[in-house]
Amino acid sequence: MRKLQSQGVHHITIVGANRQTSIDFWEGVLGMPFVFEQPNLDNASESHLYFDPGDGRLITVFTNEERVPDPARVSTEPGAVHHVAFALSQSTFRQAVERLDERGIEHSGVKDRGFMDSIYFSDPLGLLIELASYRFEPPPGYTHPEVLLEAHRLRVARGDYNIAEVHLADAIEALVLRSRESLSDDRSARDPY
């Protein structure tokens with residue numbers, strides 16, 4: 001038996017309201033260019049809108065002109081999608097509260113997640129949206145998940161409750177130590193002063 005090896009998220013499809021509400025939210029609020037549209041090939045009464053979230057992938061939305069925005073929270077039963085998170089740069093994230101407030105969009109305010117910061121709010125149909133911004137950049141040749149894996153190992157070994165910035169910094173240092181050679185026999189921290 002062999003795995004079906006994933007190579008990333010291809011796209012995520014959301015059930016939206018009408019066409020204009022979907023465009024206004026995904027492009028007008030989240031800044032995702034509206035790049036493609038065609039009929040929903042499995043349901044002739046719906047359209048299929050495609051948006052570019054900025055990472056080479058797609059967010060797609062099924063729309064129907066008879067559906068109207070309904071901010072009631074979508075299901076959080078087991079098996080349901082809890083939320084969808086989108087990456088923001090730190091510079092944009094620091095302005096997110098102001099930009100949501102100027103539109104009158106209710107939100108959670110900034111939440112400290114240890115390794116990232118988050119803000120939560122709902123789309124026009126009640127789907128919980130997270131805006132997330134990492135507090136670190138991985139060293140060249142590494143990804144965010146590789147740094148988080150190393151930080152997790154350090155956190156568990158130290159008996160800490162959750163990942164904090166110290167774990168991230170130590171993880172980055174450990175990855176650099178393993179991946180870059182040095183002529184020094186002793187690469188430990190020292191105080192030259």
# chains A, B, ... in the order shown; residues from 1 in each chain; ligands from 1
$ closest_atom_pairs --of "region 110-142 of chain A" --to "region 25-47 of chain A" --cutoff "12 Å" --atoms "only C-alpha atoms" --output "JSON lines"
{"residue": "A:Phe121", "atom": "CA", "partner": "A:Val29", "partner_atom": "CA", "distance": 11.7}
{"residue": "A:Ser122", "atom": "CA", "partner": "A:Phe25", "partner_atom": "CA", "distance": 10.4}
{"residue": "A:Asp123", "atom": "CA", "partner": "A:Phe25", "partner_atom": "CA", "distance": 7.2}
{"residue": "A:Pro124", "atom": "CA", "partner": "A:Phe25", "partner_atom": "CA", "distance": 7.6}
{"residue": "A:Leu125", "atom": "CA", "partner": "A:Phe25", "partner_atom": "CA", "distance": 10.4}
{"residue": "A:Leu127", "atom": "CA", "partner": "A:Phe25", "partner_atom": "CA", "distance": 11.8}
{"residue": "A:Ile129", "atom": "CA", "partner": "A:Leu30", "partner_atom": "CA", "distance": 10.2}
{"residue": "A:Glu130", "atom": "CA", "partner": "A:Leu30", "partner_atom": "CA", "distance": 10.9}
{"residue": "A:Leu131", "atom": "CA", "partner": "A:Leu30", "partner_atom": "CA", "distance": 9.4}
$ residues_around --residues "Ser75 (chain A)" --least-positions-apart "5" --cutoff "12 Å" --atoms "only C-alpha atoms" --output "PyMOL selection string"
chain A and resi 80-83+125-128
$ atom_distance --atom1 "CA of Asp185 (chain A)" --atom2 "CA of Pro139 (chain A)"
22.2 Å
$ residues_around --residues "Ile163 (chain A)" --least-positions-apart "3" --cutoff "12 Å" --atoms "only C-alpha atoms" --output "number ranges by chain"
A: 112-116, 135, 147-160, 166-171
$ write_last_selection --atoms "N, CA, C and O atoms" --output "mmCIF file, in the first residue's frame"
data_model
loop_
_atom_site.group_PDB
_atom_site.id
_atom_site.type_symbol
_atom_site.label_atom_id
_atom_site.label_comp_id
_atom_site.auth_asym_id
_atom_site.auth_seq_id
_atom_site.Cartn_x
_atom_site.Cartn_y
_atom_site.Cartn_z
ATOM 1 N N ASP A 112 -2.446 36.806 20.329
ATOM 2 C CA ASP A 112 -1.064 36.332 20.423
ATOM 3 C C ASP A 112 -1.061 34.808 20.350
ATOM 4 O O ASP A 112 -1.603 34.143 21.231
ATOM 5 N N ARG A 113 -0.460 34.250 19.311
ATOM 6 C CA ARG A 113 -0.393 32.798 19.145
ATOM 7 C C ARG A 113 1.009 32.255 19.397
ATOM 8 O O ARG A 113 1.305 31.110 19.093
ATOM 9 N N GLY A 114 1.900 33.077 19.938
ATOM 10 C CA GLY A 114 3.254 32.639 20.262
ATOM 11 C C GLY A 114 4.193 32.739 19.074
ATOM 12 O O GLY A 114 5.197 33.424 19.124
ATOM 13 N N PHE A 115 3.879 32.050 18.000
ATOM 14 C CA PHE A 115 4.719 32.052 16.806
ATOM 15 C C PHE A 115 4.158 32.955 15.716
ATOM 16 O O PHE A 115 4.802 33.208 14.703
ATOM 17 N N MET A 116 2.928 33.433 15.923
ATOM 18 C CA MET A 116 2.295 34.325 14.962
ATOM 19 C C MET A 116 1.243 35.154 15.684
ATOM 20 O O MET A 116 0.901 34.891 16.836
ATOM 21 N N ARG A 135 5.753 35.659 13.121
ATOM 22 C CA ARG A 135 6.666 36.550 13.834
ATOM 23 C C ARG A 135 8.119 36.284 13.450
ATOM 24 O O ARG A 135 9.019 36.830 14.079
ATOM 25 N N VAL A 147 10.796 25.308 10.497
ATOM 26 C CA VAL A 147 11.155 26.039 11.713
ATOM 27 C C VAL A 147 10.199 25.657 12.840
ATOM 28 O O VAL A 147 10.619 25.424 13.980
ATOM 29 N N LEU A 148 8.896 25.562 12.524
ATOM 30 C CA LEU A 148 7.917 25.196 13.556
ATOM 31 C C LEU A 148 8.153 23.783 14.083
ATOM 32 O O LEU A 148 7.999 23.541 15.282
ATOM 33 N N LEU A 149 8.540 22.858 13.222
ATOM 34 C CA LEU A 149 8.843 21.492 13.672
ATOM 35 C C LEU A 149 10.010 21.504 14.659
ATOM 36 O O LEU A 149 9.946 20.878 15.724
ATOM 37 N N GLU A 150 11.056 22.231 14.332
ATOM 38 C CA GLU A 150 12.220 22.324 15.228
ATOM 39 C C GLU A 150 11.842 23.034 16.525
ATOM 40 O O GLU A 150 12.236 22.609 17.610
ATOM 41 N N ALA A 151 11.054 24.115 16.434
ATOM 42 C CA ALA A 151 10.617 24.839 17.635
ATOM 43 C C ALA A 151 9.735 23.945 18.511
ATOM 44 O O ALA A 151 9.829 23.986 19.743
ATOM 45 N N HIS A 152 8.894 23.136 17.884
ATOM 46 C CA HIS A 152 8.054 22.195 18.635
ATOM 47 C C HIS A 152 8.924 21.219 19.428
ATOM 48 O O HIS A 152 8.672 20.965 20.610
ATOM 49 N N ARG A 153 9.931 20.674 18.766
ATOM 50 C CA ARG A 153 10.825 19.723 19.458
ATOM 51 C C ARG A 153 11.496 20.390 20.668
ATOM 52 O O ARG A 153 11.598 19.771 21.741
ATOM 53 N N LEU A 154 11.947 21.609 20.502
ATOM 54 C CA LEU A 154 12.577 22.333 21.610
ATOM 55 C C LEU A 154 11.573 22.598 22.727
ATOM 56 O O LEU A 154 11.881 22.422 23.905
ATOM 57 N N ARG A 155 10.365 23.018 22.369
ATOM 58 C CA ARG A 155 9.323 23.307 23.356
ATOM 59 C C ARG A 155 8.993 22.069 24.182
ATOM 60 O O ARG A 155 8.928 22.123 25.415
ATOM 61 N N VAL A 156 8.821 20.934 23.509
ATOM 62 C CA VAL A 156 8.481 19.691 24.207
ATOM 63 C C VAL A 156 9.626 19.261 25.105
ATOM 64 O O VAL A 156 9.414 18.884 26.268
ATOM 65 N N ALA A 157 10.862 19.331 24.597
ATOM 66 C CA ALA A 157 12.026 18.929 25.391
ATOM 67 C C ALA A 157 12.155 19.793 26.648
ATOM 68 O O ALA A 157 12.613 19.307 27.691
ATOM 69 N N ARG A 158 11.740 21.039 26.573
ATOM 70 C CA ARG A 158 11.837 21.963 27.710
ATOM 71 C C ARG A 158 10.603 21.923 28.602
ATOM 72 O O ARG A 158 10.561 22.567 29.645
ATOM 73 N N GLY A 159 9.571 21.211 28.179
ATOM 74 C CA GLY A 159 8.356 21.111 28.971
ATOM 75 C C GLY A 159 7.506 22.373 28.952
ATOM 76 O O GLY A 159 6.693 22.580 29.859
ATOM 77 N N ASP A 160 7.652 23.205 27.930
ATOM 78 C CA ASP A 160 6.887 24.444 27.837
ATOM 79 C C ASP A 160 5.511 24.183 27.229
ATOM 80 O O ASP A 160 5.334 23.278 26.418
ATOM 81 N N VAL A 166 11.200 32.536 21.957
ATOM 82 C CA VAL A 166 12.496 31.946 22.298
ATOM 83 C C VAL A 166 12.685 30.605 21.585
ATOM 84 O O VAL A 166 13.775 30.275 21.134
ATOM 85 N N HIS A 167 11.625 29.833 21.459
ATOM 86 C CA HIS A 167 11.716 28.556 20.743
ATOM 87 C C HIS A 167 12.006 28.783 19.261
ATOM 88 O O HIS A 167 12.764 28.039 18.646
ATOM 89 N N LEU A 168 11.372 29.813 18.689
ATOM 90 C CA LEU A 168 11.606 30.135 17.282
ATOM 91 C C LEU A 168 13.053 30.548 17.053
ATOM 92 O O LEU A 168 13.712 30.071 16.122
ATOM 93 N N ALA A 169 13.554 31.439 17.897
ATOM 94 C CA ALA A 169 14.933 31.911 17.752
ATOM 95 C C ALA A 169 15.921 30.759 17.897
ATOM 96 O O ALA A 169 16.875 30.634 17.116
ATOM 97 N N ASP A 170 15.697 29.901 18.886
ATOM 98 C CA ASP A 170 16.594 28.763 19.097
ATOM 99 C C ASP A 170 16.481 27.749 17.962
ATOM 100 O O ASP A 170 17.478 27.128 17.568
ATOM 101 N N ALA A 171 15.280 27.577 17.409
ATOM 102 C CA ALA A 171 15.086 26.668 16.281
ATOM 103 C C ALA A 171 15.836 27.169 15.052
ATOM 104 O O ALA A 171 16.502 26.398 14.350
#
$ atom_distance --atom1 "CA of Ser6 (chain A)" --atom2 "CA of Arg57 (chain A)"
14.1 Å
$ select_by_dssp --residues "region 10-193 of chain A" --states "alpha helix (DSSP H)" --output "count of residues only"
52
$ select_by_dssp --residues "region 84-144 of chain A" --states "strand (DSSP E or B)" --output "list of chain:residue names"
A:Val84, A:Ala85, A:Phe86, A:Ala87, A:Lys111, A:Asp112, A:Met116, A:Asp117, A:Ser118, A:Ile119, A:Tyr120, A:Phe121, A:Ser122, A:Leu128, A:Ile129, A:Glu130, A:Leu131, A:Ala132, A:Ser133, A:Tyr134
$ write_last_selection --atoms "all heavy atoms" --output "compact mmCIF listing (two decimals), in the first residue's frame"
# COMPACT_ATOMS: atom_id res chain seq x y z
N VAL A 84 -10.69 29.60 7.78
CA VAL A 84 -9.68 29.64 6.74
C VAL A 84 -8.75 30.80 7.09
O VAL A 84 -9.22 31.90 7.39
CB VAL A 84 -10.31 29.84 5.34
CG1 VAL A 84 -9.25 29.93 4.27
CG2 VAL A 84 -11.30 28.72 5.03
N ALA A 85 -7.43 30.54 7.06
CA ALA A 85 -6.45 31.56 7.44
C ALA A 85 -5.66 32.02 6.23
O ALA A 85 -5.28 31.22 5.38
CB ALA A 85 -5.51 30.99 8.50
N PHE A 86 -5.40 33.33 6.20
CA PHE A 86 -4.62 33.92 5.12
C PHE A 86 -3.43 34.66 5.70
O PHE A 86 -3.54 35.33 6.74
CB PHE A 86 -5.49 34.89 4.30
CG PHE A 86 -6.62 34.19 3.62
CD1 PHE A 86 -7.91 34.26 4.12
CD2 PHE A 86 -6.40 33.39 2.51
CE1 PHE A 86 -8.95 33.59 3.52
CE2 PHE A 86 -7.44 32.71 1.90
CZ PHE A 86 -8.71 32.80 2.40
N ALA A 87 -2.29 34.54 5.02
CA ALA A 87 -1.05 35.16 5.47
C ALA A 87 -1.01 36.64 5.11
O ALA A 87 -1.37 37.02 4.00
CB ALA A 87 0.15 34.44 4.84
N LYS A 111 -4.71 38.58 18.37
CA LYS A 111 -4.54 37.44 19.27
C LYS A 111 -3.09 36.96 19.18
O LYS A 111 -2.57 36.73 18.09
CB LYS A 111 -5.47 36.28 18.89
CG LYS A 111 -6.94 36.62 18.93
CD LYS A 111 -7.41 36.78 20.35
CE LYS A 111 -8.91 37.01 20.39
NZ LYS A 111 -9.38 37.20 21.73
N ASP A 112 -2.45 36.81 20.33
CA ASP A 112 -1.06 36.33 20.42
C ASP A 112 -1.06 34.81 20.35
O ASP A 112 -1.60 34.14 21.23
CB ASP A 112 -0.47 36.81 21.74
CG ASP A 112 0.93 36.30 22.01
OD1 ASP A 112 1.43 35.41 21.29
OD2 ASP A 112 1.54 36.79 22.98
N MET A 116 2.93 33.43 15.92
CA MET A 116 2.29 34.33 14.96
C MET A 116 1.24 35.15 15.68
O MET A 116 0.90 34.89 16.84
CB MET A 116 1.64 33.54 13.82
CG MET A 116 0.44 32.72 14.23
SD MET A 116 -0.24 31.83 12.82
CE MET A 116 -1.79 31.29 13.51
N ASP A 117 0.75 36.16 14.98
CA ASP A 117 -0.36 36.97 15.48
C ASP A 117 -1.56 36.72 14.58
O ASP A 117 -1.40 36.47 13.38
CB ASP A 117 0.01 38.46 15.44
CG ASP A 117 1.14 38.78 16.39
OD1 ASP A 117 1.02 38.44 17.58
OD2 ASP A 117 2.15 39.36 15.95
N SER A 118 -2.76 36.79 15.14
CA SER A 118 -3.97 36.49 14.40
C SER A 118 -5.07 37.51 14.70
O SER A 118 -5.12 38.07 15.79
CB SER A 118 -4.52 35.11 14.78
OG SER A 118 -3.61 34.10 14.46
N ILE A 119 -5.92 37.70 13.71
CA ILE A 119 -7.16 38.46 13.87
C ILE A 119 -8.25 37.63 13.19
O ILE A 119 -8.03 37.09 12.11
CB ILE A 119 -7.10 39.84 13.20
CG1 ILE A 119 -6.04 40.72 13.88
CG2 ILE A 119 -8.46 40.53 13.22
CD1 ILE A 119 -5.79 42.03 13.18
N TYR A 120 -9.43 37.52 13.84
CA TYR A 120 -10.53 36.73 13.31
C TYR A 120 -11.74 37.60 13.03
O TYR A 120 -12.04 38.52 13.81
CB TYR A 120 -10.92 35.64 14.31
CG TYR A 120 -9.82 34.68 14.62
CD1 TYR A 120 -8.91 34.93 15.65
CD2 TYR A 120 -9.66 33.50 13.88
CE1 TYR A 120 -7.87 34.05 15.93
CE2 TYR A 120 -8.63 32.62 14.17
CZ TYR A 120 -7.75 32.90 15.19
OH TYR A 120 -6.73 32.03 15.46
N PHE A 121 -12.44 37.30 11.95
CA PHE A 121 -13.70 37.95 11.62
C PHE A 121 -14.44 37.03 10.66
O PHE A 121 -13.89 36.04 10.17
CB PHE A 121 -13.50 39.34 11.01
CG PHE A 121 -12.76 39.35 9.71
CD1 PHE A 121 -13.44 39.44 8.50
CD2 PHE A 121 -11.38 39.27 9.67
CE1 PHE A 121 -12.76 39.45 7.29
CE2 PHE A 121 -10.69 39.29 8.47
CZ PHE A 121 -11.38 39.37 7.28
N SER A 122 -15.70 37.32 10.39
CA SER A 122 -16.51 36.46 9.53
C SER A 122 -16.72 37.07 8.16
O SER A 122 -16.83 38.29 8.02
CB SER A 122 -17.88 36.21 10.17
OG SER A 122 -17.72 35.47 11.36
N LEU A 128 -15.67 31.82 9.34
CA LEU A 128 -14.64 32.48 10.13
C LEU A 128 -13.36 32.60 9.29
O LEU A 128 -12.87 31.60 8.75
CB LEU A 128 -14.38 31.70 11.42
CG LEU A 128 -13.52 32.40 12.47
CD1 LEU A 128 -14.16 33.70 12.94
CD2 LEU A 128 -13.30 31.46 13.66
N ILE A 129 -12.85 33.82 9.19
CA ILE A 129 -11.64 34.12 8.45
C ILE A 129 -10.57 34.54 9.45
O ILE A 129 -10.85 35.34 10.36
CB ILE A 129 -11.87 35.26 7.43
CG1 ILE A 129 -12.98 34.90 6.44
CG2 ILE A 129 -10.57 35.65 6.73
CD1 ILE A 129 -12.66 33.78 5.49
N GLU A 130 -9.36 34.03 9.29
CA GLU A 130 -8.24 34.43 10.13
C GLU A 130 -7.21 35.15 9.26
O GLU A 130 -6.88 34.68 8.17
CB GLU A 130 -7.58 33.22 10.78
CG GLU A 130 -6.35 33.56 11.59
CD GLU A 130 -5.64 32.33 12.16
OE1 GLU A 130 -6.05 31.19 11.84
OE2 GLU A 130 -4.68 32.52 12.91
N LEU A 131 -6.74 36.27 9.74
CA LEU A 131 -5.59 36.94 9.14
C LEU A 131 -4.41 36.61 10.04
O LEU A 131 -4.46 36.88 11.25
CB LEU A 131 -5.81 38.45 9.08
CG LEU A 131 -7.07 38.91 8.34
CD1 LEU A 131 -7.20 40.41 8.42
CD2 LEU A 131 -7.07 38.42 6.90
N ALA A 132 -3.37 36.00 9.49
CA ALA A 132 -2.26 35.51 10.29
C ALA A 132 -0.94 36.08 9.78
O ALA A 132 -0.75 36.23 8.58
CB ALA A 132 -2.21 33.98 10.24
N SER A 133 -0.06 36.39 10.71
CA SER A 133 1.24 36.92 10.35
C SER A 133 2.31 36.28 11.23
O SER A 133 2.28 36.42 12.46
CB SER A 133 1.26 38.44 10.51
OG SER A 133 2.49 38.97 10.05
N TYR A 134 3.22 35.55 10.58
CA TYR A 134 4.32 34.94 11.32
C TYR A 134 5.17 36.00 11.99
O TYR A 134 5.35 37.10 11.45
CB TYR A 134 5.21 34.11 10.39
CG TYR A 134 4.63 32.77 10.00
CD1 TYR A 134 4.32 32.50 8.67
CD2 TYR A 134 4.43 31.78 10.95
CE1 TYR A 134 3.80 31.27 8.31
CE2 TYR A 134 3.91 30.55 10.59
CZ TYR A 134 3.60 30.29 9.27
OH TYR A 134 3.10 29.08 8.91
$ atom_distance --atom1 "CA of Ser91 (chain A)" --atom2 "CA of Asn162 (chain A)"
24.9 Å
$ residues_around --residues "region 14-19 of chain A" --least-positions-apart "4" --cutoff "6 Å" --atoms "only C-alpha atoms" --output "list of chain:residue names"
A:Val61, A:Phe62, A:Thr63, A:Asn64, A:Glu65, A:Arg67, A:Val68, A:Pro69
$ closest_residue --among "A:His11, A:Pro71, A:Tyr161, A:Phe93" --to "Pro53 (chain A)" --atoms "only C-alpha atoms"
A:His11
$ closest_residue --among "A:Gln20, A:Arg94, A:Thr13, A:Glu77" --to "Phe51 (chain A)" --atoms "only C-alpha atoms"
A:Thr13
